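Structure file my_file_22.csv (CSV, C-alpha atoms) follows.
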chain,number,residue,atom,x,y,z
A,1,MET,CA,59.6,33.4,-104.6
A,2,SER,CA,59.4,32.1,-108.2
A,3,ARG,CA,61.4,29.0,-108.8
A,4,LYS,CA,63.7,28.3,-111.7
A,5,TYR,CA,64.2,24.6,-111.0
A,6,ASP,CA,61.4,22.0,-110.8
A,7,PHE,CA,61.9,19.9,-107.7
A,8,ASP,CA,58.3,18.6,-108.0
A,9,GLN,CA,59.2,16.5,-111.1
A,10,ARG,CA,59.0,12.8,-110.4
A,11,VAL,CA,61.8,10.7,-112.0
A,12,ASP,CA,61.4,7.0,-112.6
A,13,ARG,CA,64.8,5.5,-111.7
A,14,ARG,CA,63.8,1.8,-111.9
A,15,GLY,CA,65.7,-0.2,-114.5
A,16,THR,CA,68.8,1.9,-114.2
A,17,ASP,CA,70.6,-0.4,-111.8
A,18,CYS,CA,69.9,2.2,-109.1
A,19,VAL,CA,70.6,0.8,-105.6
A,20,LYS,CA,67.7,2.8,-104.1
A,21,TRP,CA,65.0,1.3,-106.3
A,22,ASP,CA,66.4,-1.7,-108.2
A,23,GLY,CA,68.3,-2.9,-105.1
A,24,LEU,CA,65.2,-2.6,-102.8
A,25,ALA,CA,64.0,-6.2,-103.5
A,26,ARG,CA,67.2,-7.7,-102.4
A,27,VAL,CA,67.9,-5.4,-99.4
A,28,TYR,CA,64.4,-5.7,-98.0
A,29,ALA,CA,63.7,-9.3,-99.0
A,30,ASP,CA,63.2,-10.4,-95.4
A,31,TYR,CA,60.6,-7.7,-94.7
A,32,LEU,CA,58.5,-7.6,-97.9
A,33,GLY,CA,56.2,-10.4,-96.9
A,34,GLN,CA,53.2,-10.3,-99.3
A,35,ARG,CA,54.2,-6.8,-100.6
A,36,LYS,CA,55.6,-6.7,-104.1
A,37,PRO,CA,58.9,-4.6,-104.3
A,38,GLU,CA,57.5,-2.5,-107.1
A,39,ASP,CA,54.8,-1.4,-104.6
A,40,VAL,CA,57.2,0.0,-102.1
A,41,ILE,CA,58.2,3.7,-102.0
A,42,ALA,CA,62.0,3.8,-101.6
A,43,LEU,CA,62.9,6.4,-99.0
A,44,TRP,CA,66.1,4.8,-97.7
A,45,ILE,CA,69.7,5.3,-98.9
A,46,ALA,CA,70.9,8.9,-98.9
A,47,ASP,CA,70.4,9.5,-102.6
A,48,MET,CA,68.1,12.3,-103.7
A,49,GLU,CA,65.4,12.0,-106.4
A,50,PHE,CA,66.2,15.3,-108.2
A,51,TYR,CA,68.0,15.9,-111.5
A,52,PRO,CA,71.3,17.7,-110.8
A,53,PRO,CA,71.9,21.1,-112.3
A,54,GLU,CA,72.1,21.1,-116.1
A,55,GLU,CA,75.7,22.3,-116.0
A,56,ILE,CA,76.8,19.0,-114.3
A,57,SER,CA,74.9,16.8,-116.8
A,58,GLN,CA,76.2,18.9,-119.7
A,59,ALA,CA,79.8,18.6,-118.5
A,60,VAL,CA,79.5,14.8,-118.2
A,61,GLU,CA,77.8,14.5,-121.5
A,62,ASP,CA,80.3,16.6,-123.3
A,63,ARG,CA,83.2,14.5,-122.0
A,64,ALA,CA,81.3,11.3,-122.8
A,65,ALA,CA,80.8,12.5,-126.4
A,66,HIS,CA,84.6,12.2,-127.0
A,67,HIS,CA,84.1,8.4,-126.9
A,68,ILE,CA,87.6,7.6,-125.6
A,69,TYR,CA,87.8,7.2,-121.9
A,70,GLY,CA,91.4,6.7,-121.1
A,71,TYR,CA,93.6,7.6,-118.2
A,72,THR,CA,92.8,11.1,-117.2
A,73,LEU,CA,94.3,14.0,-115.3
A,74,PRO,CA,92.2,16.2,-113.1
A,75,PRO,CA,91.2,19.5,-114.8
A,76,LYS,CA,93.8,22.2,-114.4
A,77,ASP,CA,91.5,24.4,-112.4
A,78,LEU,CA,90.0,21.7,-110.2
A,79,ALA,CA,92.1,22.5,-107.1
A,80,SER,CA,91.3,26.2,-107.4
A,81,THR,CA,87.6,25.4,-107.9
A,82,VAL,CA,87.6,23.2,-104.8
A,83,LYS,CA,89.4,25.9,-102.8
A,84,ALA,CA,86.9,28.6,-103.8
A,85,TRP,CA,83.8,26.5,-103.0
A,86,ILE,CA,85.1,25.2,-99.6
A,87,ASN,CA,86.4,28.6,-98.5
A,88,ARG,CA,83.2,30.4,-99.5
A,89,HIS,CA,80.8,27.8,-98.1
A,90,TYR,CA,82.5,26.4,-95.1
A,91,GLU,CA,85.0,29.3,-94.4
A,92,LEU,CA,87.8,26.8,-94.0
A,93,GLU,CA,90.6,29.0,-95.5
A,94,MET,CA,92.3,26.1,-97.2
A,95,GLU,CA,95.0,26.3,-99.9
A,96,GLU,CA,95.1,24.5,-103.2
A,97,ASN,CA,97.9,22.2,-102.2
A,98,GLU,CA,96.0,21.0,-99.1
A,99,PHE,CA,93.3,19.3,-101.3
A,100,VAL,CA,93.6,15.6,-102.1
A,101,TYR,CA,91.1,14.0,-104.5
A,102,SER,CA,89.5,10.7,-103.3
A,103,PRO,CA,86.9,8.5,-104.9
A,104,GLY,CA,84.6,8.9,-101.9
A,105,ILE,CA,84.8,9.8,-98.3
A,106,VAL,CA,84.5,6.2,-97.0
A,107,PRO,CA,87.6,5.1,-98.9
A,108,ALA,CA,89.4,8.1,-97.5
A,109,ILE,CA,88.5,7.1,-94.0
A,110,GLY,CA,90.2,3.7,-94.6
A,111,VAL,CA,93.2,5.4,-96.2
A,112,ALA,CA,93.6,7.7,-93.2
A,113,MET,CA,93.5,4.8,-90.7
A,114,ARG,CA,96.1,2.8,-92.6
A,115,ALA,CA,98.3,5.8,-93.1
A,116,LEU,CA,98.2,7.3,-89.7
A,117,LEU,CA,97.3,4.5,-87.2
A,118,GLU,CA,98.6,1.1,-86.2
A,119,GLY,CA,96.5,-2.1,-86.3
A,120,GLY,CA,94.5,-2.3,-83.1
A,121,ASP,CA,94.4,1.4,-82.4
A,122,GLY,CA,91.1,2.8,-81.1
A,123,VAL,CA,88.7,5.0,-83.1
A,124,ILE,CA,85.9,6.7,-81.3
A,125,ILE,CA,82.5,7.3,-83.0
A,126,LEU,CA,79.3,8.8,-81.7
A,127,SER,CA,76.4,6.4,-82.3
A,128,PRO,CA,73.9,6.1,-83.9
A,129,VAL,CA,76.0,7.2,-86.9
A,130,TYR,CA,76.5,6.5,-90.6
A,131,GLY,CA,76.9,2.7,-90.8
A,132,PRO,CA,80.1,2.5,-92.9
A,133,PHE,CA,82.0,4.2,-90.0
A,134,SER,CA,81.9,1.0,-87.9
A,135,ARG,CA,82.5,-1.3,-90.9
A,136,THR,CA,85.5,0.7,-92.0
A,137,ILE,CA,87.0,0.7,-88.5
A,138,GLU,CA,86.7,-3.0,-88.2
A,139,GLN,CA,87.7,-3.9,-91.8
A,140,ASN,CA,90.9,-2.0,-91.3
A,141,GLY,CA,91.8,-3.8,-88.1
A,142,MET,CA,91.1,-1.0,-85.7
A,143,LEU,CA,89.2,-1.0,-82.4
A,144,ASN,CA,85.7,0.4,-82.5
A,145,GLN,CA,85.2,2.6,-79.4
A,146,SER,CA,81.6,3.6,-79.9
A,147,VAL,CA,80.1,6.2,-77.5
A,148,PRO,CA,76.3,6.5,-77.5
A,149,LEU,CA,74.7,9.8,-78.1
A,150,LEU,CA,72.2,11.0,-75.5
A,151,HIS,CA,68.6,11.5,-76.4
A,152,ASP,CA,65.7,13.0,-74.5
A,153,GLU,CA,62.7,15.2,-75.1
A,154,THR,CA,65.0,18.1,-76.2
A,155,GLY,CA,66.8,16.1,-78.8
A,156,TRP,CA,70.2,14.5,-79.4
A,157,LYS,CA,73.3,15.5,-77.5
A,158,ILE,CA,77.0,14.4,-77.2
A,159,ASP,CA,77.8,12.5,-74.0
A,160,PHE,CA,81.1,14.2,-73.1
A,161,ASP,CA,81.4,12.2,-69.8
A,162,GLY,CA,81.0,9.1,-72.0
A,163,LEU,CA,83.8,10.3,-74.2
A,164,GLU,CA,86.1,10.6,-71.3
A,165,LYS,CA,85.2,7.2,-70.0
A,166,ALA,CA,85.7,5.6,-73.5
A,167,VAL,CA,89.2,7.0,-74.3
A,168,ASN,CA,92.2,5.0,-73.3
A,169,GLU,CA,95.9,4.4,-74.3
A,170,LYS,CA,94.7,2.7,-77.5
A,171,THR,CA,92.6,5.6,-78.7
A,172,LYS,CA,94.2,7.5,-81.6
A,173,MET,CA,91.3,9.0,-83.7
A,174,LEU,CA,87.8,10.5,-83.4
A,175,LEU,CA,85.8,9.8,-86.5
A,176,PHE,CA,83.3,12.7,-86.4
A,177,CYS,CA,80.1,13.3,-88.4
A,178,SER,CA,79.4,17.0,-88.8
A,179,PRO,CA,76.5,17.6,-89.5
A,180,HIS,CA,75.5,14.3,-88.0
A,181,ASN,CA,73.8,11.5,-90.0
A,182,PRO,CA,71.3,10.1,-89.2
A,183,ILE,CA,70.1,12.5,-86.4
A,184,GLY,CA,70.4,15.7,-88.4
A,185,ARG,CA,72.3,17.7,-85.8
A,186,VAL,CA,74.4,20.8,-86.6
A,187,TRP,CA,76.8,20.9,-83.7
A,188,THR,CA,77.0,24.2,-82.0
A,189,ALA,CA,80.1,26.3,-81.4
A,190,GLU,CA,80.0,25.3,-77.7
A,191,GLU,CA,79.8,21.6,-78.5
A,192,LEU,CA,82.6,21.8,-81.1
A,193,GLU,CA,84.8,23.6,-78.6
A,194,LYS,CA,84.3,20.8,-76.2
A,195,ILE,CA,85.2,18.3,-79.0
A,196,ARG,CA,88.3,20.4,-79.7
A,197,ASP,CA,89.3,20.4,-76.0
A,198,PHE,CA,88.8,16.6,-75.9
A,199,VAL,CA,90.8,15.9,-79.0
A,200,ILE,CA,93.7,18.1,-78.0
A,201,LYS,CA,93.7,16.8,-74.4
A,202,HIS,CA,94.1,13.2,-75.6
A,203,ASP,CA,96.3,14.0,-78.6
A,204,LEU,CA,93.9,12.5,-81.2
A,205,ILE,CA,93.5,12.9,-84.9
A,206,LEU,CA,90.0,14.2,-85.9
A,207,PHE,CA,88.6,12.8,-89.2
A,208,SER,CA,85.6,15.0,-89.9
A,209,ASP,CA,83.0,13.8,-92.4
A,210,GLU,CA,81.3,17.0,-93.5
A,211,ILE,CA,79.5,15.7,-96.5
A,212,HIS,CA,76.1,17.2,-95.4
A,213,ALA,CA,77.5,20.6,-94.7
A,214,ASP,CA,75.6,22.2,-97.6
A,215,PHE,CA,72.3,21.3,-95.9
A,216,ILE,CA,71.9,23.8,-93.0
A,217,TYR,CA,68.4,24.9,-92.0
A,218,GLY,CA,66.9,27.5,-89.7
A,219,GLY,CA,69.6,30.1,-90.1
A,220,ARG,CA,72.1,28.0,-88.1
A,221,ASP,CA,75.8,28.4,-88.5
A,222,PHE,CA,78.0,25.6,-89.7
A,223,ILE,CA,81.5,25.5,-88.3
A,224,SER,CA,84.1,23.3,-89.8
A,225,PRO,CA,86.1,21.8,-86.8
A,226,ALA,CA,89.4,22.6,-88.5
A,227,ASN,CA,88.6,26.3,-88.0
A,228,LEU,CA,88.8,26.0,-84.2
A,229,GLU,CA,92.1,27.1,-82.5
A,230,GLY,CA,94.6,24.3,-82.3
A,231,MET,CA,92.7,22.0,-84.7
A,232,ARG,CA,94.2,22.8,-88.1
A,233,GLU,CA,97.2,20.5,-87.6
A,234,ARG,CA,95.3,17.5,-86.4
A,235,THR,CA,92.1,17.5,-88.5
A,236,ILE,CA,91.3,15.8,-91.8
A,237,SER,CA,88.2,17.5,-93.3
A,238,SER,CA,86.2,15.8,-96.0
A,239,PHE,CA,83.6,17.2,-98.4
A,240,SER,CA,81.9,16.1,-101.6
A,241,PRO,CA,79.3,17.2,-104.1
A,242,SER,CA,77.8,13.7,-104.1
A,243,LYS,CA,74.9,14.1,-101.7
A,244,THR,CA,74.2,17.7,-102.6
A,245,PHE,CA,74.1,17.4,-106.3
A,246,SER,CA,72.8,13.8,-106.9
A,247,VAL,CA,76.2,12.6,-108.2
A,248,ALA,CA,77.1,9.9,-105.6
A,249,GLY,CA,77.7,7.3,-108.3
A,250,LEU,CA,80.6,9.4,-109.8
A,251,MET,CA,82.8,8.9,-106.7
A,252,ALA,CA,84.2,12.4,-106.2
A,253,SER,CA,85.4,13.8,-102.8
A,254,ALA,CA,87.7,16.5,-101.6
A,255,ILE,CA,89.9,15.6,-98.6
A,256,VAL,CA,91.5,18.7,-97.0
A,257,ILE,CA,94.6,17.9,-94.9
A,258,GLN,CA,96.4,21.1,-93.7
A,259,ASN,CA,99.1,19.2,-91.8
A,260,PRO,CA,101.9,18.6,-94.4
A,261,GLU,CA,103.2,15.4,-92.7
A,262,MET,CA,99.7,13.9,-92.4
A,263,ARG,CA,98.9,14.9,-96.0
A,264,GLU,CA,102.1,13.2,-97.3
A,265,LYS,CA,101.4,10.0,-95.4
A,266,PHE,CA,97.7,10.0,-96.6
A,267,THR,CA,98.7,10.6,-100.2
A,268,ALA,CA,101.2,7.8,-100.1
A,269,GLU,CA,98.7,5.3,-98.8
A,270,LEU,CA,96.1,6.5,-101.3
A,271,LYS,CA,98.6,5.6,-104.1
A,272,ARG,CA,99.5,2.3,-102.4
A,273,SER,CA,95.8,1.5,-102.4
A,274,GLY,CA,95.4,2.1,-106.1
A,275,LEU,CA,92.7,4.8,-105.5
A,276,SER,CA,92.4,7.6,-108.0
A,277,GLY,CA,89.9,9.8,-109.8
A,278,ASN,CA,87.8,9.1,-112.8
A,279,ILE,CA,86.9,11.1,-115.9
A,280,PHE,CA,83.3,11.8,-115.0
A,281,GLY,CA,83.9,12.4,-111.3
A,282,TYR,CA,86.4,15.1,-112.0
A,283,GLN,CA,84.0,16.8,-114.4
A,284,ALA,CA,81.0,16.5,-112.0
A,285,MET,CA,82.9,18.0,-109.1
A,286,ARG,CA,84.2,20.9,-111.2
A,287,ALA,CA,80.8,21.7,-112.7
A,288,ALA,CA,79.0,21.4,-109.4
A,289,TRP,CA,81.3,23.7,-107.5
A,290,LEU,CA,81.6,26.2,-110.3
A,291,HIS,CA,77.9,26.4,-111.3
A,292,GLY,CA,75.7,24.8,-108.6
A,293,GLU,CA,75.1,27.8,-106.3
A,294,ALA,CA,71.7,29.0,-107.6
A,295,TRP,CA,70.3,25.4,-107.8
A,296,LEU,CA,71.4,24.7,-104.3
A,297,ARG,CA,69.8,27.8,-102.9
A,298,GLU,CA,66.4,26.8,-104.3
A,299,LEU,CA,66.9,23.2,-103.3
A,300,LEU,CA,67.3,24.2,-99.6
A,301,VAL,CA,64.1,26.2,-99.7
A,302,TYR,CA,62.3,23.2,-101.2
A,303,LEU,CA,63.8,20.8,-98.6
A,304,GLU,CA,62.7,23.0,-95.7
A,305,GLY,CA,59.2,22.9,-97.1
A,306,ASN,CA,59.5,19.1,-97.1
A,307,ILE,CA,60.6,19.3,-93.4
A,308,ASP,CA,57.6,21.5,-92.6
A,309,PHE,CA,55.3,19.0,-94.3
A,310,LEU,CA,56.8,16.0,-92.5
A,311,MET,CA,56.7,17.6,-89.0
A,312,GLU,CA,53.1,18.6,-89.5
A,313,SER,CA,52.2,15.0,-90.7
A,314,LEU,CA,54.1,13.4,-87.8
A,315,ALA,CA,52.3,15.6,-85.3
A,316,SER,CA,49.1,13.9,-86.3
A,317,LEU,CA,50.7,10.5,-85.7
A,318,GLU,CA,51.9,11.1,-82.2
A,319,LYS,CA,48.7,9.4,-80.9
A,320,TYR,CA,50.2,6.2,-82.3
A,321,GLY,CA,53.6,6.8,-80.6
A,322,VAL,CA,55.5,8.1,-83.6
A,323,ARG,CA,57.5,11.3,-83.5
A,324,ALA,CA,60.8,12.9,-84.6
A,325,ASP,CA,63.1,15.7,-83.8
A,326,ARG,CA,63.2,18.4,-86.5
A,327,PRO,CA,66.4,18.0,-88.5
A,328,GLU,CA,68.8,20.9,-88.5
A,329,SER,CA,70.7,19.5,-91.5
A,330,THR,CA,70.8,16.7,-94.1
A,331,TYR,CA,67.7,15.5,-96.0
A,332,LEU,CA,67.2,12.6,-93.6
A,333,LEU,CA,64.6,12.3,-90.8
A,334,PHE,CA,65.3,9.9,-87.9
A,335,ILE,CA,61.8,8.8,-86.8
A,336,ASP,CA,61.2,7.4,-83.3
A,337,PHE,CA,58.8,4.4,-83.3
A,338,ARG,CA,59.7,3.1,-79.9
A,339,GLU,CA,56.4,4.0,-78.2
A,340,PHE,CA,54.5,2.6,-81.2
A,341,MET,CA,56.5,-0.6,-80.8
A,342,ALA,CA,55.4,-0.9,-77.2
A,343,LYS,CA,51.7,-0.2,-78.1
A,344,ALA,CA,51.8,-2.7,-81.0
A,345,GLY,CA,53.7,-5.4,-79.0
A,346,LEU,CA,56.7,-5.3,-81.2
A,347,GLU,CA,60.0,-6.2,-79.5
A,348,GLU,CA,62.6,-6.5,-82.2
A,349,GLN,CA,63.8,-4.1,-84.9
A,350,ALA,CA,63.1,-6.7,-87.5
A,351,GLU,CA,59.4,-6.6,-86.5
A,352,LEU,CA,59.3,-2.9,-87.0
A,353,ASN,CA,61.1,-3.2,-90.3
A,354,ARG,CA,58.5,-5.6,-91.6
A,355,PHE,CA,55.6,-3.4,-90.4
A,356,ILE,CA,57.1,-0.4,-92.3
A,357,CYS,CA,57.9,-2.4,-95.4
A,358,GLU,CA,55.0,-4.9,-95.8
A,359,GLU,CA,52.2,-3.1,-94.0
A,360,ALA,CA,53.0,0.6,-94.9
A,361,GLY,CA,54.7,-0.1,-98.2
A,362,LEU,CA,57.7,2.0,-97.4
A,363,GLY,CA,61.4,1.3,-97.7
A,364,LEU,CA,63.2,3.1,-94.8
A,365,ASN,CA,66.6,2.5,-93.2
A,366,PRO,CA,66.3,0.6,-90.0
A,367,GLY,CA,67.7,2.5,-87.1
A,368,THR,CA,70.0,-0.3,-86.2
A,369,ASP,CA,71.8,0.3,-89.5
A,370,PHE,CA,73.5,3.1,-87.5
A,371,GLY,CA,74.3,1.2,-84.4
A,372,PRO,CA,72.3,-0.5,-81.6
A,373,GLU,CA,71.3,2.9,-80.2
A,374,GLY,CA,69.1,3.2,-83.2
A,375,LYS,CA,66.8,0.4,-82.2
A,376,GLY,CA,63.2,1.5,-82.6
A,377,PHE,CA,64.0,4.2,-85.1
A,378,MET,CA,63.7,4.4,-88.9
A,379,ARG,CA,65.5,6.8,-91.2
A,380,LEU,CA,63.4,8.5,-93.9
A,381,ASN,CA,65.0,10.3,-96.9
A,382,PHE,CA,63.0,13.4,-97.8
A,383,GLY,CA,65.2,14.4,-100.7
A,384,CYS,CA,62.3,13.8,-103.1
A,385,PRO,CA,59.2,15.5,-104.6
A,386,ARG,CA,56.6,16.6,-102.1
A,387,SER,CA,54.0,14.3,-103.7
A,388,THR,CA,56.2,11.3,-102.9
A,389,LEU,CA,56.2,12.3,-99.3
A,390,GLU,CA,52.5,12.9,-99.3
A,391,ALA,CA,51.9,9.4,-100.6
A,392,ALA,CA,54.3,7.9,-98.1
A,393,MET,CA,52.8,9.7,-95.1
A,394,GLU,CA,49.3,8.6,-96.2
A,395,ARG,CA,50.5,5.0,-96.3
A,396,LEU,CA,52.1,5.3,-92.9
A,397,SER,CA,49.0,6.8,-91.3
A,398,GLU,CA,46.8,4.1,-92.8
A,399,ALA,CA,49.1,1.3,-91.6
A,400,LEU,CA,49.3,2.7,-88.1
A,401,GLU,CA,45.5,3.1,-87.9
A,402,LYS,CA,45.0,-0.4,-89.2
A,403,ARG,CA,47.4,-1.8,-86.6
A,404,LEU,CA,46.4,0.1,-83.5
A,405,GLY,CA,42.8,1.3,-84.4

Take the structure from the file and write it as structure tokens.
Amino acid sequence: MSRKYDFDQRVDRRGTDCVKWDGLARVYADYLGQRKPEDVIALWIADMEFYPPEEISQAVEDRAAHHIYGYTLPPKDLASTVKAWINRHYELEMEENEFVYSPGIVPAIGVAMRALLEGGDGVIILSPVYGPFSRTIEQNGMLNQSVPLLHDETGWKIDFDGLEKAVNEKTKMLLFCSPHNPIGRVWTAEELEKIRDFVIKHDLILFSDEIHADFIYGGRDFISPANLEGMRERTISSFSPSKTFSVAGLMASAIVIQNPEMREKFTAELKRSGLSGNIFGYQAMRAAWLHGEAWLRELLVYLEGNIDFLMESLASLEKYGVRADRPESTYLLFIDFREFMAKAGLEEQAELNRFICEEAGLGLNPGTDFGPEGKGFMRLNFGCPRSTLEAAMERLSEALEKRLG
């Protein structure tokens, strides 16, 4: 297939106040050792290395050219654009009035907790999971009821017995990641039906973070939990163009709340919190979801090629005790270094972090960023040109050979 878009182009983002590259020296200061930060390949935070579709850049540039950036209303067709994209891509069957704009999904999680829960209420998460889940629960005065995911040679699974053991009279919400970051699972219909039954049985609110729903591989079906029978009235579904179209810095998210009472309380708390949209976030969301379809289709083909490359590369590193489950979604690979740690005599995550950063020259997310269950893992962002991954895997192979021989 001929490609219209160039995902092989390497973009130098240093010097742009980019967290991923310019923040690396600070974030990894304890693990650099003798390695200079400019000699580390940044493959950590979930931020891709691709230019977004030209329509997004043009929309932002056109608005910037006006040179007055005052208080701004959302575009008149933003709600209809959001509805069309979400209904077409996630088959959620939402209406325009069920969409609430939020400057990010993490802020929306905090808003939902303050609006719908009482201080000290319990929120269940499935760990390892996106780090801000735990922080947002705790910062908003809620009880973090973390349930570890199960992992064996067949991959990651939900511990439904563990869910039942964790729930109690304090539990009021399940904060759900679907598809799941960092493990890359696309939950099956059977798993989601069990989640539905659990949520209804215990009369919980489901906050579903579906930010990675555009990244579905291998012909799998993505099912938005709100589509399941009995879930529409108790689910908050959240989506965003930020991960998909490289616009995370513009803070634009679509929160879908189909229960009118919940939506009213959420919107009131959003206003009390002083959270609103911004000029360029509005324009980026609109342009992405009006014009991003063709770009996204090609991106997914390219990312699957990156997955193929990584899985082939890791197969050659199994002799060192390094492996990973093939991701079903996201552009993130959760690599298991636990056997390597045992072979190399490493006991703590910090020792693995230093090996990866100083000896291999790679900036990866430590598995413990996602909860204690992530110990011995590292998360690699493969949303980048293939040549970057080739250089990274060559570095990793050399470091492992040097350490273990």

Residues near region 29-38 of chain A, cut-off 6 Å, all atoms listed in the file, skip fewer than 6 positions along chain, as an MDAnalysis selection string: chainID A and resid 354 357:358

For C-alpha atoms, I'd like the residues from the last selection saved as a tab-separated table (two decimals), in the coordinates of the input.
chain	number	residue	atom	x	y	z
A	354	ARG	CA	58.50	-5.60	-91.60
A	357	CYS	CA	57.90	-2.40	-95.40
A	358	GLU	CA	55.00	-4.90	-95.80

Hey, could you make a per-residue contact list for region 108-153 of chain A against region 238-251 of chain A with 12 Å as the cut-off, showing the nearest pair of atoms and its distance in Å to one decimal, counting all atoms listed in the file, sorted by chain and number, as a tab-separated table?
residue	atom	partner	partner_atom	distance
A:Ala108	CA	A:Ser238	CA	8.5
A:Ile109	CA	A:Ser238	CA	9.2
A:Ala112	CA	A:Ser238	CA	11.3

Any idea what's packed within 12 Å of Asp6 (chain A), counting all atoms listed in the file, ignoring anything in its chain fewer than 5 positions away? Could you give it as a VMD selection string? chain A and resid 11 49 to 54 295 298 to 299 302 384 to 386

Can you write just those residues out, C-alpha atoms, as a PDB file, in the coordinates of the input?
ATOM      1  CA  VAL A  11      61.800  10.700-112.000  1.00  0.00           C
ATOM      2  CA  GLU A  49      65.400  12.000-106.400  1.00  0.00           C
ATOM      3  CA  PHE A  50      66.200  15.300-108.200  1.00  0.00           C
ATOM      4  CA  TYR A  51      68.000  15.900-111.500  1.00  0.00           C
ATOM      5  CA  PRO A  52      71.300  17.700-110.800  1.00  0.00           C
ATOM      6  CA  PRO A  53      71.900  21.100-112.300  1.00  0.00           C
ATOM      7  CA  GLU A  54      72.100  21.100-116.100  1.00  0.00           C
ATOM      8  CA  TRP A 295      70.300  25.400-107.800  1.00  0.00           C
ATOM      9  CA  GLU A 298      66.400  26.800-104.300  1.00  0.00           C
ATOM     10  CA  LEU A 299      66.900  23.200-103.300  1.00  0.00           C
ATOM     11  CA  TYR A 302      62.300  23.200-101.200  1.00  0.00           C
ATOM     12  CA  CYS A 384      62.300  13.800-103.100  1.00  0.00           C
ATOM     13  CA  PRO A 385      59.200  15.500-104.600  1.00  0.00           C
ATOM     14  CA  ARG A 386      56.600  16.600-102.100  1.00  0.00           C
TER      15      ARG A 386
END

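Near Ala59 (chain A), within 8 Å and counting all atoms listed in the file, sit Gln283, Ala284 and Ala287 of chain A; same-chain residues fewer than 5 positions away were not included.
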
What's the 7 Å shell around region 263-277 of chain A, counting all atoms listed in the file, without same-chain residues fewer than 3 positions away, as a VMD selection string? chain A and resid 101 to 103 111 to 112 115 257 259 to 260 281 to 282

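With CA of Thr368 (chain A) on one side and CA of Gly218 (chain A) on the other, the separation reads 28.2 Å.
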
Near Ile335 (chain A), counting only C-alpha atoms, which residues have an atom at most 10 Å away, once you skip same-chain residues fewer than 3 positions from it, shown as a PDB file with C-alpha atoms, in the coordinates of the input?
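The result, written out as result37.pdb:
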ATOM      1  CA  PRO A 182      71.300  10.100 -89.200  1.00  0.00           C
ATOM      2  CA  ILE A 183      70.100  12.500 -86.400  1.00  0.00           C
ATOM      3  CA  LEU A 314      54.100  13.400 -87.800  1.00  0.00           C
ATOM      4  CA  VAL A 322      55.500   8.100 -83.600  1.00  0.00           C
ATOM      5  CA  ARG A 323      57.500  11.300 -83.500  1.00  0.00           C
ATOM      6  CA  ALA A 324      60.800  12.900 -84.600  1.00  0.00           C
ATOM      7  CA  ASP A 325      63.100  15.700 -83.800  1.00  0.00           C
ATOM      8  CA  ARG A 326      63.200  18.400 -86.500  1.00  0.00           C
ATOM      9  CA  LEU A 332      67.200  12.600 -93.600  1.00  0.00           C
ATOM     10  CA  ARG A 338      59.700   3.100 -79.900  1.00  0.00           C
ATOM     11  CA  LEU A 364      63.200   3.100 -94.800  1.00  0.00           C
ATOM     12  CA  PRO A 366      66.300   0.600 -90.000  1.00  0.00           C
ATOM     13  CA  GLY A 367      67.700   2.500 -87.100  1.00  0.00           C
ATOM     14  CA  GLY A 374      69.100   3.200 -83.200  1.00  0.00           C
ATOM     15  CA  GLY A 376      63.200   1.500 -82.600  1.00  0.00           C
ATOM     16  CA  PHE A 377      64.000   4.200 -85.100  1.00  0.00           C
ATOM     17  CA  MET A 378      63.700   4.400 -88.900  1.00  0.00           C
ATOM     18  CA  ARG A 379      65.500   6.800 -91.200  1.00  0.00           C
ATOM     19  CA  LEU A 380      63.400   8.500 -93.900  1.00  0.00           C
TER      20      LEU A 380
END

Taking the point (92.8, 4.2, -86.6) as given in the file, collect each protein or nucleic acid residue that comes within 10 Å of it, counting only C-alpha atoms, and present the set as a count of residues only. 33

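Taking all atoms listed in the file into account, Gly361 (chain A) lies nearest to A:Val40 out of the set A:Leu303, A:Val40, A:Val147, A:Ala25.
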
May I have the protein, DNA and RNA residues with any atom at most 9 Å from the point (95.4, 26.8, -104.5), counting all atoms listed in the file, written as a PyMOL selection string? chain A and resi 79-84+94-99
